[in-house]
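Structure first, then comments.
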Amino acid sequence: MANIAISDKHPDLFTAQFLVACQWNTEEMKVLKDKKLWILVSEGDDKAYPGMNTATKNWADLGTKIATSPMWDSHSTPEQFDALVKATVDQKAPINYTVFKDGNHMYTWFVAYNIEGIRDWLFSQTKEK
């Protein structure tokens, strides 16, 4: 959540961000509409899931393309995660929104940071000149 707070105040600081199970004021998040984001939440997270649904709807209403996919199985193999990441990246959107089926707020982190394809996406982003 600190990541979002910093971006709200300094939207040009980060080239891209990986937001995992984040909760924030969705009105304040509208300034992130032009950012490169990968958002991952769990369906059972009663704050982050509805909040990110609202945030992505707000960005879409402002004209931002959002890549989405069917809900992910958090027990996927590395090869399955690679395919899920590729299917999301292939949509060529600045904001990628993915959701684990079930899970909860704390659970999301245990899996999210181990998905190599998302880390690869994050570290391959560059600022446009």
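Letters A, B, ... go to the chains of the structure tokens in the order shown; residues in each chain start at 1; ligands are counted from 1 in the same order.
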Every residue of chain A that DSSP places in strand (DSSP E), as a PyMOL selection string: chain A and resi 16-20+36-42+66-67+95-100
How would the residues just chosen look if you wrote them out with N, CA and C atoms as a short mmCIF file (atom, residue, chain, number, x, y, z; two decimals), in the first residue's frame?
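To be explicit, this is the file written out as out-v3.cif:
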```cif
data_model
loop_
_atom_site.label_atom_id
_atom_site.label_comp_id
_atom_site.auth_asym_id
_atom_site.auth_seq_id
_atom_site.Cartn_x
_atom_site.Cartn_y
_atom_site.Cartn_z
N ALA A 16 7.29 1.05 -13.39
CA ALA A 16 6.20 0.08 -13.32
C ALA A 16 6.08 -0.39 -11.88
N GLN A 17 4.93 -0.97 -11.56
CA GLN A 17 4.69 -1.42 -10.19
C GLN A 17 3.94 -2.74 -10.19
N PHE A 18 4.24 -3.56 -9.18
CA PHE A 18 3.54 -4.82 -8.94
C PHE A 18 2.77 -4.63 -7.65
N LEU A 19 1.46 -4.53 -7.75
CA LEU A 19 0.60 -4.29 -6.60
C LEU A 19 -0.04 -5.61 -6.17
N VAL A 20 0.34 -6.11 -5.00
CA VAL A 20 -0.13 -7.39 -4.51
C VAL A 20 -1.03 -7.18 -3.30
N LYS A 36 2.27 1.74 -15.70
CA LYS A 36 2.40 0.32 -16.04
C LYS A 36 2.27 -0.44 -14.73
N LEU A 37 1.17 -1.18 -14.61
CA LEU A 37 0.88 -1.87 -13.36
C LEU A 37 0.57 -3.34 -13.62
N TRP A 38 0.99 -4.17 -12.68
CA TRP A 38 0.48 -5.54 -12.61
C TRP A 38 -0.14 -5.67 -11.24
N ILE A 39 -1.42 -5.97 -11.22
CA ILE A 39 -2.17 -6.08 -9.97
C ILE A 39 -2.56 -7.54 -9.79
N LEU A 40 -2.33 -8.06 -8.60
CA LEU A 40 -2.72 -9.43 -8.28
C LEU A 40 -3.38 -9.45 -6.91
N VAL A 41 -4.60 -9.94 -6.87
CA VAL A 41 -5.35 -10.05 -5.62
C VAL A 41 -5.99 -11.44 -5.57
N SER A 42 -6.49 -11.79 -4.42
CA SER A 42 -7.26 -13.03 -4.27
C SER A 42 -8.74 -12.70 -4.18
N ILE A 66 -7.11 -2.31 -19.92
CA ILE A 66 -6.81 -3.20 -18.80
C ILE A 66 -6.80 -4.63 -19.32
N ALA A 67 -5.69 -5.34 -19.13
CA ALA A 67 -5.64 -6.76 -19.48
C ALA A 67 -6.21 -7.57 -18.31
N ILE A 95 -1.96 -1.88 -17.96
CA ILE A 95 -2.36 -2.39 -16.65
C ILE A 95 -2.85 -3.82 -16.80
N ASN A 96 -2.23 -4.71 -16.03
CA ASN A 96 -2.59 -6.13 -16.01
C ASN A 96 -3.27 -6.42 -14.68
N TYR A 97 -4.47 -6.99 -14.74
CA TYR A 97 -5.22 -7.28 -13.52
C TYR A 97 -5.52 -8.77 -13.46
N THR A 98 -4.92 -9.46 -12.49
CA THR A 98 -5.11 -10.89 -12.34
C THR A 98 -5.60 -11.20 -10.93
N VAL A 99 -6.38 -12.28 -10.84
CA VAL A 99 -7.03 -12.64 -9.57
C VAL A 99 -6.87 -14.14 -9.33
N PHE A 100 -6.45 -14.48 -8.10
CA PHE A 100 -6.44 -15.88 -7.69
C PHE A 100 -7.85 -16.29 -7.28
#
```
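Here the question is which of A:His10, A:Lys33, A:Lys101, A:Lys86 gets nearest to Glu116 of chain A using only C-alpha atoms, and that residue is A:Lys86.
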